[in-house]
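input-v6.cif (mmCIF, C-alpha atoms and all ligand atoms) appears below.
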data_run
loop_
_atom_site.label_atom_id
_atom_site.label_comp_id
_atom_site.auth_asym_id
_atom_site.auth_seq_id
_atom_site.Cartn_x
_atom_site.Cartn_y
_atom_site.Cartn_z
CA MET A 13 -6.89 18.50 20.09
CA ALA A 14 -9.89 16.38 21.02
CA GLU A 15 -11.48 17.22 24.32
CA GLU A 16 -9.84 14.99 26.88
CA ALA A 17 -12.09 12.14 27.96
CA SER A 18 -13.67 13.30 31.24
CA GLN A 19 -12.90 11.53 34.49
CA LEU A 20 -16.05 9.48 33.95
CA PRO A 21 -14.64 6.75 31.65
CA ASP A 22 -17.91 6.43 29.75
CA ALA A 23 -18.33 10.15 28.97
CA PRO A 24 -17.57 10.25 25.23
CA ALA A 25 -15.04 12.80 24.07
CA SER A 26 -15.69 14.18 20.61
CA THR A 27 -13.65 14.95 17.51
CA THR A 28 -14.26 15.43 13.79
CA VAL A 29 -12.55 12.27 12.50
CA VAL A 30 -11.46 9.12 14.30
CA VAL A 31 -8.68 7.39 12.35
CA ILE A 32 -8.29 3.70 13.15
CA GLY A 33 -4.76 2.48 12.40
CA ALA A 34 -1.41 4.32 12.31
CA GLY A 35 0.16 2.74 9.21
CA PRO A 36 0.77 4.57 5.92
CA ALA A 37 -2.97 5.10 5.33
CA GLY A 38 -3.83 6.24 8.84
CA MET A 39 -0.87 8.53 9.37
CA THR A 40 -1.33 10.11 5.93
CA VAL A 41 -5.04 10.79 6.59
CA ALA A 42 -4.23 12.22 10.03
CA THR A 43 -1.35 14.41 8.84
CA LEU A 44 -3.30 15.81 5.87
CA LEU A 45 -6.33 16.52 8.10
CA GLN A 46 -4.02 18.29 10.53
CA ARG A 47 -2.62 20.38 7.65
CA SER A 48 -6.23 21.27 6.84
CA GLY A 49 -6.91 22.37 10.42
CA ILE A 50 -9.32 19.50 11.02
CA ASP A 51 -9.44 17.80 14.41
CA CYS A 52 -8.82 14.04 14.49
CA VAL A 53 -7.81 11.27 16.88
CA VAL A 54 -5.74 8.26 15.76
CA LEU A 55 -6.28 4.93 17.54
CA GLU A 56 -3.50 2.37 16.97
CA ARG A 57 -3.63 -1.10 18.47
CA ARG A 58 0.13 -1.70 18.65
CA SER A 59 2.94 0.19 20.36
CA ARG A 60 4.78 3.03 18.64
CA ASP A 61 7.96 0.95 18.58
CA HIS A 62 6.22 -2.00 16.90
CA VAL A 63 4.67 0.19 14.20
CA ALA A 64 7.97 2.01 13.62
CA ARG A 65 9.79 -1.27 13.00
CA ARG A 66 7.25 -2.92 10.68
CA GLN A 67 9.02 -3.17 7.31
CA ARG A 68 6.88 -3.57 4.17
CA ALA A 69 6.86 -1.59 0.93
CA GLY A 70 9.82 0.41 -0.33
CA ILE A 71 8.86 2.81 -3.12
CA VAL A 72 6.76 5.98 -3.04
CA GLU A 73 5.63 6.37 -6.64
CA THR A 74 5.98 9.64 -8.54
CA ARG A 75 2.29 10.52 -8.16
CA ALA A 76 2.44 10.06 -4.36
CA VAL A 77 5.65 12.11 -4.09
CA ARG A 78 3.89 14.93 -5.95
CA MET A 79 0.83 14.54 -3.72
CA PHE A 80 2.95 15.12 -0.60
CA ASP A 81 4.69 17.97 -2.47
CA SER A 82 1.30 19.57 -3.17
CA TRP A 83 0.63 19.54 0.59
CA GLY A 84 4.05 21.06 1.32
CA LEU A 85 5.07 17.90 3.15
CA ALA A 86 7.49 16.11 0.78
CA ASP A 87 10.70 17.28 2.48
CA GLN A 88 9.34 16.45 5.93
CA VAL A 89 7.90 12.99 5.35
CA LEU A 90 9.83 11.44 2.44
CA GLY A 91 13.10 9.82 3.47
CA GLY A 92 15.19 7.48 1.34
CA ILE A 93 16.69 8.49 -2.00
CA PRO A 94 15.26 9.56 -5.36
CA HIS A 95 14.61 6.59 -7.65
CA ASP A 96 16.79 6.93 -10.76
CA GLY A 97 13.89 5.82 -12.94
CA ILE A 98 15.52 2.60 -14.09
CA LEU A 99 14.21 -0.92 -13.50
CA GLU A 100 16.25 -3.95 -14.51
CA PHE A 101 14.52 -6.97 -16.03
CA ARG A 102 16.82 -9.99 -16.20
CA VAL A 103 15.46 -12.74 -18.45
CA ASP A 104 17.44 -16.00 -18.42
CA GLY A 105 20.39 -14.01 -17.09
CA ARG A 106 20.20 -11.33 -19.81
CA SER A 107 19.75 -7.75 -18.56
CA HIS A 108 17.18 -5.28 -19.99
CA LEU A 109 17.06 -1.78 -18.47
CA VAL A 110 13.59 -0.22 -18.64
CA SER A 111 12.82 3.38 -17.75
CA ASP A 112 9.85 4.03 -15.48
CA ARG A 113 10.11 7.77 -16.06
CA ASP A 114 7.15 9.13 -18.04
CA GLY A 115 8.81 12.40 -19.00
CA SER A 116 6.46 14.57 -16.95
CA ASP A 117 7.85 17.50 -14.96
CA GLY A 118 8.11 17.47 -11.20
CA PRO A 119 9.70 15.37 -8.46
CA ALA A 120 10.20 11.67 -9.21
CA ALA A 121 9.55 8.48 -7.23
CA ARG A 122 11.55 7.82 -4.05
CA LEU A 123 13.04 4.60 -2.74
CA CYS A 124 11.63 5.25 0.72
CA PRO A 125 11.10 2.25 3.02
CA GLN A 126 7.53 2.20 4.35
CA GLN A 127 8.59 2.34 7.99
CA VAL A 128 10.63 5.49 7.27
CA LEU A 129 7.55 7.18 5.77
CA VAL A 130 5.36 6.08 8.70
CA GLN A 131 7.91 7.27 11.26
CA LYS A 132 8.25 10.68 9.58
CA LEU A 133 4.50 11.11 9.24
CA THR A 134 4.11 10.18 12.93
CA GLU A 135 6.79 12.69 14.00
CA THR A 136 5.19 15.43 11.86
CA PHE A 137 1.73 14.70 13.26
CA LEU A 138 2.88 14.64 16.90
CA GLU A 139 5.06 17.75 16.49
CA GLY A 140 1.92 19.48 15.21
CA GLY A 141 0.11 18.57 18.43
CA GLY A 142 -1.70 15.56 16.93
CA ASP A 143 -3.70 13.20 19.17
CA LEU A 144 -2.25 9.71 18.46
CA ARG A 145 -3.12 6.99 20.96
CA PHE A 146 -1.01 3.82 20.78
CA GLU A 147 -2.06 0.54 22.42
CA ALA A 148 -5.73 1.42 21.95
CA LEU A 149 -7.24 -2.02 22.50
CA ASP A 150 -10.56 -3.64 21.57
CA VAL A 151 -11.62 -0.82 19.28
CA SER A 152 -15.29 -1.07 18.29
CA LEU A 153 -17.37 1.05 15.94
CA HIS A 154 -21.00 2.04 16.60
CA ASP A 155 -23.80 4.06 14.92
CA LEU A 156 -21.94 4.32 11.61
CA THR A 157 -25.13 5.23 9.75
CA GLY A 158 -26.20 7.87 12.29
CA ASP A 159 -25.02 11.49 12.47
CA ARG A 160 -22.38 10.89 15.18
CA PRO A 161 -20.67 7.49 15.19
CA THR A 162 -19.14 6.34 18.48
CA ILE A 163 -15.80 4.56 18.72
CA ARG A 164 -15.03 2.64 21.90
CA TYR A 165 -11.68 1.26 23.02
CA ARG A 166 -9.74 0.25 26.10
CA THR A 167 -6.34 1.43 27.37
CA PRO A 168 -3.86 -1.25 28.54
CA ASP A 169 -4.89 -0.63 32.17
CA GLY A 170 -8.40 -1.75 31.22
CA THR A 171 -10.04 1.69 31.36
CA PRO A 172 -12.83 1.99 28.76
CA HIS A 173 -12.98 5.12 26.59
CA ALA A 174 -15.38 6.45 23.96
CA LEU A 175 -15.13 9.03 21.21
CA THR A 176 -17.94 10.47 19.12
CA CYS A 177 -17.12 11.89 15.71
CA ASP A 178 -18.45 13.06 12.35
CA PHE A 179 -16.46 10.55 10.27
CA VAL A 180 -14.44 7.36 10.78
CA ALA A 181 -11.38 6.57 8.62
CA GLY A 182 -10.90 2.79 8.62
CA CYS A 183 -7.11 2.57 8.09
CA ASP A 184 -6.58 -0.67 10.00
CA GLY A 185 -5.40 -2.91 7.20
CA ASP A 186 -6.69 -6.21 5.92
CA HIS A 187 -7.07 -7.76 9.39
CA GLY A 188 -8.54 -4.75 11.12
CA VAL A 189 -11.85 -4.14 12.85
CA SER A 190 -13.38 -1.45 10.59
CA ARG A 191 -14.56 -3.74 7.80
CA THR A 192 -16.01 -6.20 10.32
CA ALA A 193 -18.21 -3.40 11.65
CA VAL A 194 -20.04 -3.30 8.30
CA PRO A 195 -23.13 -5.55 8.16
CA ASP A 196 -22.88 -8.61 5.89
CA GLY A 197 -24.02 -7.86 2.37
CA ALA A 198 -23.27 -4.13 2.50
CA LEU A 199 -19.90 -4.58 0.78
CA THR A 200 -19.01 -6.83 -2.16
CA ALA A 201 -15.62 -8.58 -1.97
CA HIS A 202 -13.85 -9.33 -5.28
CA ALA A 203 -11.01 -11.79 -4.68
CA PHE A 204 -8.36 -13.42 -6.87
CA ASP A 205 -5.70 -15.96 -5.91
CA HIS A 206 -2.75 -16.26 -8.35
CA GLY A 207 -1.91 -19.72 -7.01
CA ILE A 208 1.65 -18.45 -6.56
CA GLY A 209 3.68 -18.38 -3.34
CA TRP A 210 6.50 -15.96 -2.59
CA LEU A 211 9.22 -16.32 -0.02
CA THR A 212 10.12 -12.78 1.00
CA VAL A 213 13.48 -12.19 2.69
CA LEU A 214 14.89 -9.06 4.31
CA ALA A 215 18.68 -9.06 4.70
CA ASP A 216 21.50 -6.69 5.66
CA ALA A 217 23.03 -7.19 2.23
CA PRO A 218 24.04 -4.67 -0.44
CA PRO A 219 21.06 -3.28 -2.41
CA PRO A 220 21.05 -3.64 -6.22
CA ALA A 221 22.01 -0.78 -8.56
CA HIS A 222 18.39 -0.79 -9.78
CA PRO A 223 15.25 -2.61 -8.60
CA LEU A 224 15.69 -6.02 -10.23
CA LEU A 225 13.00 -8.42 -11.57
CA ALA A 226 14.30 -11.78 -12.81
CA VAL A 227 12.68 -14.46 -14.97
CA SER A 228 14.17 -17.94 -15.01
CA SER A 229 13.02 -21.51 -15.72
CA GLN A 230 13.54 -22.16 -11.99
CA GLY A 231 10.98 -19.48 -11.12
CA PHE A 232 10.67 -15.74 -10.47
CA ALA A 233 13.06 -13.80 -8.23
CA ALA A 234 13.46 -10.12 -7.36
CA HIS A 235 15.95 -7.91 -5.51
CA PHE A 236 14.94 -4.46 -4.24
CA PRO A 237 16.76 -1.81 -2.17
CA ARG A 238 15.53 -1.17 1.38
CA GLY A 239 17.86 1.67 2.40
CA PRO A 240 21.61 1.95 1.79
CA TYR A 241 22.58 -1.27 3.56
CA ALA A 242 19.56 -3.56 3.28
CA SER A 243 17.77 -5.54 0.59
CA ARG A 244 14.36 -7.12 0.08
CA TYR A 245 14.33 -10.34 -1.98
CA TYR A 246 11.41 -12.35 -3.38
CA LEU A 247 11.58 -16.00 -4.50
CA GLN A 248 8.64 -17.75 -6.17
CA CYS A 249 7.85 -20.92 -4.24
CA PRO A 250 5.02 -23.46 -3.83
CA PRO A 251 2.12 -21.58 -2.15
CA ASP A 252 2.07 -24.03 0.78
CA ASP A 253 5.77 -23.67 1.61
CA THR A 254 6.82 -22.31 5.00
CA PRO A 255 10.02 -20.41 5.85
CA ASP A 256 11.35 -23.69 7.30
CA HIS A 257 11.54 -25.04 3.75
CA TRP A 258 14.05 -22.27 3.01
CA PRO A 259 17.22 -22.46 5.12
CA GLU A 260 19.71 -19.65 4.47
CA GLN A 261 21.93 -21.60 2.09
CA ARG A 262 18.97 -22.61 -0.07
CA VAL A 263 17.82 -18.97 -0.20
CA TRP A 264 21.18 -17.69 -1.44
CA ASP A 265 21.68 -20.60 -3.87
CA ALA A 266 18.24 -19.99 -5.41
CA LEU A 267 18.82 -16.23 -5.65
CA ARG A 268 22.22 -16.65 -7.33
CA THR A 269 20.74 -19.12 -9.83
CA ARG A 270 17.54 -17.22 -10.66
CA LEU A 271 19.18 -13.75 -10.69
CA GLY A 272 21.94 -15.19 -12.87
CA ASP A 273 24.50 -13.74 -10.46
CA PRO A 274 26.86 -16.34 -8.97
CA GLY A 275 28.74 -13.58 -7.14
CA LEU A 276 25.66 -12.15 -5.37
CA VAL A 277 26.83 -10.84 -1.96
CA SER A 278 24.79 -12.27 0.92
CA GLY A 279 24.24 -10.90 4.44
CA PRO A 280 22.43 -11.69 7.71
CA ILE A 281 18.75 -12.46 7.06
CA THR A 282 16.59 -10.34 9.40
CA ASP A 283 13.10 -11.39 8.29
CA ARG A 284 11.64 -14.24 6.28
CA GLU A 285 8.03 -15.12 5.49
CA VAL A 286 5.98 -16.92 2.84
CA PHE A 287 2.73 -15.51 1.47
CA ARG A 288 0.34 -16.21 -1.38
CA LEU A 289 -0.04 -13.66 -4.16
CA ARG A 290 -3.64 -12.57 -3.91
CA SER A 291 -5.82 -9.60 -4.70
CA LEU A 292 -8.93 -8.36 -2.93
CA VAL A 293 -11.19 -5.37 -3.49
CA HIS A 294 -14.13 -4.32 -1.32
CA ASP A 295 -16.81 -2.25 -3.02
CA PRO A 296 -17.96 0.31 -2.08
CA MET A 297 -15.16 1.64 0.14
CA ARG A 298 -17.70 3.26 2.41
CA TYR A 299 -20.53 2.47 4.82
CA GLY A 300 -22.44 5.39 6.25
CA ARG A 301 -19.83 7.63 7.90
CA LEU A 302 -17.10 4.95 7.77
CA PHE A 303 -14.59 5.34 4.93
CA LEU A 304 -12.20 2.47 4.22
CA VAL A 305 -8.65 3.48 3.26
CA GLY A 306 -5.72 1.41 1.96
CA ASP A 307 -5.38 -2.27 2.85
CA ALA A 308 -8.63 -2.10 4.85
CA ALA A 309 -10.36 -1.79 1.47
CA HIS A 310 -8.06 -3.57 -0.98
CA ILE A 311 -5.07 -5.88 -1.27
CA VAL A 312 -2.92 -5.98 -4.40
CA SER A 313 -0.04 -8.36 -5.23
CA PRO A 314 3.32 -6.67 -4.44
CA MET A 315 4.32 -6.70 -8.13
CA GLY A 316 4.58 -3.09 -9.26
CA GLY A 317 4.76 -1.70 -5.71
CA LYS A 318 1.16 -0.42 -5.66
CA GLY A 319 -0.03 -1.50 -2.18
CA MET A 320 1.26 1.43 -0.17
CA ASN A 321 0.75 3.89 -3.04
CA LEU A 322 -2.94 3.03 -3.29
CA ALA A 323 -3.22 3.68 0.46
CA LEU A 324 -1.62 7.11 -0.06
CA TYR A 325 -4.00 7.86 -2.93
CA ASP A 326 -7.09 6.95 -0.89
CA ALA A 327 -5.82 8.98 2.08
CA ASP A 328 -5.30 12.11 -0.03
CA LEU A 329 -8.79 11.87 -1.53
CA LEU A 330 -10.43 11.34 1.87
CA ALA A 331 -8.59 14.21 3.56
CA ARG A 332 -9.54 16.60 0.74
CA ALA A 333 -13.15 15.40 0.78
CA VAL A 334 -13.52 15.87 4.56
CA ARG A 335 -11.92 19.32 4.25
CA ASP A 336 -14.52 20.26 1.59
CA VAL A 337 -17.36 19.23 3.90
CA VAL A 338 -16.01 20.80 7.10
CA ARG A 339 -14.76 24.03 5.50
CA ASP A 340 -17.25 24.57 2.65
CA GLY A 341 -20.19 22.31 3.45
CA ASP A 342 -19.65 20.61 0.08
CA ASP A 343 -19.98 16.80 0.24
CA THR A 344 -19.49 16.13 -3.50
CA ALA A 345 -16.00 14.69 -3.09
CA LEU A 346 -17.12 12.62 -0.11
CA ARG A 347 -19.92 11.08 -2.17
CA ASP A 348 -17.44 10.42 -5.01
CA TYR A 349 -14.74 9.02 -2.70
CA SER A 350 -15.43 5.33 -3.25
CA ALA A 351 -15.90 5.53 -7.04
CA ARG A 352 -12.76 7.63 -7.50
CA CYS A 353 -10.65 5.34 -5.33
CA LEU A 354 -12.00 2.20 -7.01
CA ARG A 355 -11.16 3.55 -10.46
CA ARG A 356 -7.49 3.72 -9.48
CA VAL A 357 -7.68 0.50 -7.48
CA TRP A 358 -8.88 -1.48 -10.53
CA ASN A 359 -6.35 0.24 -12.77
CA ASP A 360 -3.50 -0.73 -10.44
CA GLN A 361 -4.96 -4.22 -9.88
CA GLU A 362 -4.90 -4.75 -13.64
CA PHE A 363 -1.31 -3.52 -13.90
CA SER A 364 -0.11 -5.69 -11.03
CA HIS A 365 -2.00 -8.67 -12.46
CA TRP A 366 -0.43 -8.14 -15.90
CA LEU A 367 3.08 -7.85 -14.44
CA THR A 368 2.59 -10.81 -12.09
CA ARG A 369 1.35 -13.10 -14.87
CA THR A 370 4.00 -11.90 -17.34
CA LEU A 371 6.99 -12.37 -15.04
CA HIS A 372 5.86 -15.75 -13.73
CA ASP A 373 4.51 -17.27 -16.95
CA ALA A 374 7.64 -16.21 -18.86
CA GLY A 375 9.67 -18.47 -16.60
CA ASP A 376 8.07 -21.82 -16.00
CA ALA A 377 4.52 -21.86 -17.38
CA GLU A 378 3.16 -24.22 -20.04
CA PRO A 379 4.49 -23.40 -23.55
CA PHE A 380 1.55 -21.34 -24.81
CA PRO A 381 1.23 -18.91 -21.85
CA ARG A 382 5.02 -18.82 -21.64
CA HIS A 383 5.28 -17.64 -25.27
CA LEU A 384 2.55 -15.06 -24.64
CA ALA A 385 4.47 -13.72 -21.63
CA ARG A 386 7.76 -13.61 -23.52
CA ALA A 387 6.06 -11.72 -26.34
CA ARG A 388 4.82 -9.12 -23.82
CA LEU A 389 8.36 -8.69 -22.49
CA ASP A 390 9.77 -8.43 -26.03
CA ARG A 391 7.23 -5.68 -26.79
CA LEU A 392 8.13 -3.87 -23.55
CA PHE A 393 11.85 -4.00 -24.41
CA THR A 394 11.49 -2.96 -28.07
CA SER A 395 8.39 -0.75 -28.48
CA PRO A 396 8.66 2.90 -27.32
CA ALA A 397 4.86 3.06 -27.00
CA ALA A 398 4.76 -0.05 -24.80
CA ALA A 399 7.65 1.31 -22.71
CA ARG A 400 5.86 4.62 -22.22
CA ALA A 401 2.63 2.94 -21.20
CA PHE A 402 4.60 0.87 -18.68
CA ALA A 403 6.34 3.99 -17.34
CA GLU A 404 3.02 5.80 -16.87
CA LEU A 405 1.62 2.86 -14.93
CA MET A 406 4.71 2.69 -12.74
CA THR A 407 4.63 6.41 -11.94
CA GLY A 408 0.90 6.38 -11.20
CA ILE A 409 0.45 9.48 -13.35
CA ASP A 410 -1.51 7.56 -15.97
CA LEU A 411 -5.01 8.30 -14.69
CA GLU A 412 -4.39 11.87 -13.65
CA ALA A 413 -3.88 13.56 -17.01
CA GLY A 414 -6.78 12.03 -18.87
CA ALA A 415 -9.14 11.67 -15.93
CA ALA A 416 -12.58 11.17 -17.47
CA PRO A 417 -15.36 13.02 -15.65
CA LEU A 418 -16.49 10.79 -12.83
CA GLU A 419 -20.19 11.07 -13.58
CA LYS A 420 -19.40 9.34 -16.92
CA LEU A 421 -17.47 6.60 -15.18
CA SER A 422 -19.40 6.06 -12.00
CA GLY A 423 -22.27 4.43 -13.91
CA ASN A 424 -19.89 1.75 -15.19
CA LEU A 425 -18.15 1.12 -11.89
CA SER A 426 -19.78 -1.23 -9.44
CA GLY A 427 -20.42 0.32 -6.06
CA ASN A 428 -22.20 3.56 -5.45
CA GLY A 429 -19.76 5.40 -3.22
CA GLY A 430 -22.77 7.32 -2.01
CA ASP A 431 -24.84 7.23 1.15
N1 LIG A 501 -7.42 -1.29 16.15
C1 LIG A 501 -6.47 -0.33 15.96
N2 LIG A 501 -5.46 -0.43 15.05
C2 LIG A 501 -5.44 -1.54 14.28
C3 LIG A 501 -6.42 -2.57 14.40
C4 LIG A 501 -7.44 -2.41 15.38
N3 LIG A 501 -8.39 -3.33 15.56
N4 LIG A 501 -6.12 -3.55 13.48
C5 LIG A 501 -5.02 -3.14 12.83
N5 LIG A 501 -4.60 -1.95 13.30
C6 LIG A 501 -3.43 -1.18 12.87
C7 LIG A 501 -2.20 -2.03 12.59
O1 LIG A 501 -1.46 -2.27 13.78
C8 LIG A 501 -1.43 -1.16 11.59
O2 LIG A 501 -0.57 -0.26 12.26
O3 LIG A 501 -3.74 -0.57 11.62
C9 LIG A 501 -2.53 -0.37 10.87
C10 LIG A 501 -2.76 -0.87 9.44
O4 LIG A 501 -1.58 -0.57 8.68
P1 LIG A 501 -1.23 -1.42 7.33
O5 LIG A 501 -1.60 -2.84 7.53
O6 LIG A 501 0.19 -1.09 6.98
O7 LIG A 501 -2.23 -0.85 6.22
P2 LIG A 501 -2.20 0.54 5.43
O8 LIG A 501 -1.95 1.67 6.35
O9 LIG A 501 -3.42 0.51 4.59
O10 LIG A 501 -0.92 0.46 4.47
C11 LIG A 501 -0.85 -0.43 3.38
O11 LIG A 501 0.98 -1.49 4.38
O12 LIG A 501 0.87 -3.72 4.88
C12 LIG A 501 1.38 -2.83 4.00
O13 LIG A 501 1.68 -3.92 1.92
C13 LIG A 501 0.86 -3.03 2.61
O14 LIG A 501 2.28 -1.44 1.68
C14 LIG A 501 0.94 -1.67 2.06
C15 LIG A 501 0.60 -0.78 3.23
#
Give the structure from the file, written as structure tokens.
Amino acid sequence: MAEEASQLPDAPASTTVVVIGAGPAGMTVATLLQRSGIDCVVLERRSRDHVARRQRAGIVETRAVRMFDSWGLADQVLGGIPHDGILEFRVDGRSHLVSDRDGSDGPAARLCPQQVLVQKLTETFLEGGGDLRFEALDVSLHDLTGDRPTIRYRTPDGTPHALTCDFVAGCDGDHGVSRTAVPDGALTAHAFDHGIGWLTVLADAPPPAHPLLAVSSQGFAAHFPRGPYASRYYLQCPPDDTPDHWPEQRVWDALRTRLGDPGLVSGPITDREVFRLRSLVHDPMRYGRLFLVGDAAHIVSPMGGKGMNLALYDADLLARAVRDVVRDGDDTALRDYSARCLRRVWNDQEFSHWLTRTLHDAGDAEPFPRHLARARLDRLFTSPAAARAFAELMTGIDLEAGAAPLEKLSGNLSGNGGD
């Protein structure tokens, strides 16, 4: 437990790690550090209730399930149900079931809504005596390249507080403060805009038997489970659309047409937003004693469900690296953090890009790219080797088994990951 800030509001308390953000990245870093006996303080801008209700991703991939299992946390933090390993592709109304099981031993992926994971991580962290401060306002980061960074923030009553620490975990998402604390030019941003819009809809409507991806000449659509009584839908739309362009009846008509399911059962829509499919990678994922984790470092298109799982991967690597330094004085993993994370980030960016292009081009692109995309789907549905490669990418196990030694790779990867 960090020393309590003294009565003098400007007397900095101290801790080993300050974690900024209490989403999947932040709460995973904090919980794994706690399991390692390492002191940390989590600063979250919003209220606990707001964070607990924020619905986003819905699948914890096989690799991440096994990561939590390796920490002895899987039963505590993973809600939802096991994923049966089957994805349904529906092309012009015709169903193709594809396995995303890679045949490896061990627990499989879980259909666990993101807010369930975050709530369970938060409960585990607090039950373990964790120091989690909600409504920490106006967080600012100082002296990141010195030996003891200082993090300042304000409580809702206006009282200023300060914390000094050894390391800062920037887990505050794509619109957070951590990345803005890095001087211009220190990070390189690699961005890609697919030029595709998605309307995403959350509804209290029956989930599908399997996660469903549909290709049609009217555009892409998808239907995913979000718990036993809720569903997440995606509808390709013009990137400049707003939710007002999509009244309820139009949403259900488009879903029934594109999913090829006239009898699709509807339900009350509880959330609706439009976003552009884009990707963004910041390199390196580190500046001095600040380490960027999850969406604070990278954004990937939702295709393939990699956003939250990359955050979990980064968090595991950072917690283990900090443990090595604090317990053994070995900073090798900390120096390799950025390069190791970026290797998986680019792998998953490529997979999501491939799947995004394939499923959109196969529907309504110009003839040549449409034929290319249909050929990729035909190969996926008919070639065991292509199906296995797809399964490995879905499970996230692909890079683990054949992990090339980093020193061989780090020369090829942009970004130093070092001091
Ligand atoms: N100070 C403190 N907390 C902040 C600040 C700030 N200045 N800015 C943002 N936060 C908090 C947000 O309120 C949020 O709780 O940081 C957290 C960031 O969480 P996410 O945006 O969920 O990012 P991450 O934890 O990396 O998880 C990535 O979340 O958004 C989804 O699709 C994304 O599934 C992916 C996952």
Handout entry: Cut-off 7 Å, all atoms listed in the file, neighbours of ligand LIG 501 (chain A) as a PyMOL selection string
Key = chain A and resi 32-38+55-58+63+68-69+126+148-151+183-189+305-308+319-320+323
Problem - Residue among A:Gly300, A:Gly49, A:Gly317, A:Pro195 lying closest to Arg122 (chain A), counting only C-alpha atoms - result: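 So, comparing all the options, the nearest one is A:Gly317.
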Handout entry: Distance criterion (only C-alpha atoms): nearest to Cys249 (chain A) out of A:Ile208, A:Val277, A:Cys124, A:Leu289
Key =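 Result for the nearest residue to Cys249 (chain A): A:Ile208.
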Exercise for the section: For CA of Glu73 (chain A) and CA of Val103 (chain A), determine how far apart the two atoms are, in Å to one decimal place. Expected result: 24.5 Å
Problem - Atom-to-atom span, CA of Gln361 (chain A) and CA of Ser291 (chain A), Å - result: 7.5 Å
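Nearest to Gly91 (chain A) of all the residues A:Pro240, A:Pro172, A:Gly118, A:Gly105 is A:Pro240, counting all atoms listed in the file.
Our summary of the geometry notes that CA of Leu144 (chain A) is positioned 23.0 Å from CA of Arg339 (chain A).
You can rank A:Phe236, A:Tyr245, A:Phe363, A:Tyr349 by their closest distance to Ile71 (chain A) using all atoms listed in the file, and at the top of that list sits A:Phe236.
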Exercise for the section: Do a neighbour search on Leu389 (chain A) at 12 Å with all atoms listed in the file, toss out local chain neighbours closer than 3 positions, and write the hits as an MDAnalysis selection string. Expected result: chainID A and resid 101:103 108:110 225:227 366:367 369:375 382:386 392:395 398:399 402
Handout entry: Test item: residues at most 8 Å from Lys318 (chain A), only C-alpha atoms, excluding those fewer than 5 positions along its chain, as a list of chain:residue names
Key =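 Non-adjacent residues within range: A:Val312, A:Asp360, A:Ser364.
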Completion exercise
Of A:Ser350, A:Thr344, A:Ser111, A:Ser229, the one nearest to Glu378 (chain A) when counting only C-alpha atoms is A:Ser229
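Compared by their closest atoms to Arg66 (chain A), and using all atoms listed in the file, the residues A:Ser190, A:Ser107, A:Gln261, A:Thr282 rank with A:Thr282 nearest.
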May I have the centre and edge lengths, in Å to one decimal, of an axis-aligned box around the listed atoms of region 361-368 of chain A with 8 Å added to every side, as JSON?
{"center_x": -0.9, "center_y": -7.2, "center_z": -12.9, "size_x": 24.0, "size_y": 23.3, "size_z": 22.0}
Practice task
Using all atoms listed in the file, determine which residues lie at most 12 Å from Glu404 (chain A), disregarding the query and same-chain residues fewer than 6 positions distant; provide the list as number ranges by chain.
Solution key: A: 73-75, 97, 111-116, 121, 316, 359-360, 363, 397-398, 410-414
Exercise for the section: Take the point (20.6, 0.9, -0.3) in the file's coordinates, draw a sphere of radius 8 Å around it, and report as a PyMOL selection string every protein, DNA or RNA residue with an atom inside or on it, counting all atoms listed in the file. Expected result: chain A and resi 218-220+237-243
For those residues, write C-alpha atoms to a file as a PDB file, in the coordinates of the input.
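Output below, filename out.pdb:
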ATOM      1  CA  PRO A 218      24.040  -4.670  -0.440  1.00  0.00           C
ATOM      2  CA  PRO A 219      21.060  -3.280  -2.410  1.00  0.00           C
ATOM      3  CA  PRO A 220      21.050  -3.640  -6.220  1.00  0.00           C
ATOM      4  CA  PRO A 237      16.760  -1.810  -2.170  1.00  0.00           C
ATOM      5  CA  ARG A 238      15.530  -1.170   1.380  1.00  0.00           C
ATOM      6  CA  GLY A 239      17.860   1.670   2.400  1.00  0.00           C
ATOM      7  CA  PRO A 240      21.610   1.950   1.790  1.00  0.00           C
ATOM      8  CA  TYR A 241      22.580  -1.270   3.560  1.00  0.00           C
ATOM      9  CA  ALA A 242      19.560  -3.560   3.280  1.00  0.00           C
ATOM     10  CA  SER A 243      17.770  -5.540   0.590  1.00  0.00           C
TER      11      SER A 243
END
Practice task
For Leu45 (chain A), please output as a ChimeraX atom specification all residues within 8 Å (counting all atoms listed in the file; exclusion window: fewer than 5 positions along the same chain).
Solution key: /A:50-52,331,335
Dump C-alpha atoms for the selected residues as a PDB file, keeping the file's coordinate frame?
ATOM      1  CA  ILE A  50      -9.320  19.500  11.020  1.00  0.00           C
ATOM      2  CA  ASP A  51      -9.440  17.800  14.410  1.00  0.00           C
ATOM      3  CA  CYS A  52      -8.820  14.040  14.490  1.00  0.00           C
ATOM      4  CA  ALA A 331      -8.590  14.210   3.560  1.00  0.00           C
ATOM      5  CA  ARG A 335     -11.920  19.320   4.250  1.00  0.00           C
TER       6      ARG A 335
END
Exercise for the section: Neighbourhood query: residues within 8 Å of (-21.3, 7.8, 5.4), file coordinates, counting only C-alpha atoms; return as a ChimeraX atom specification. Expected result: /A:156-157,179,298-303,430-431
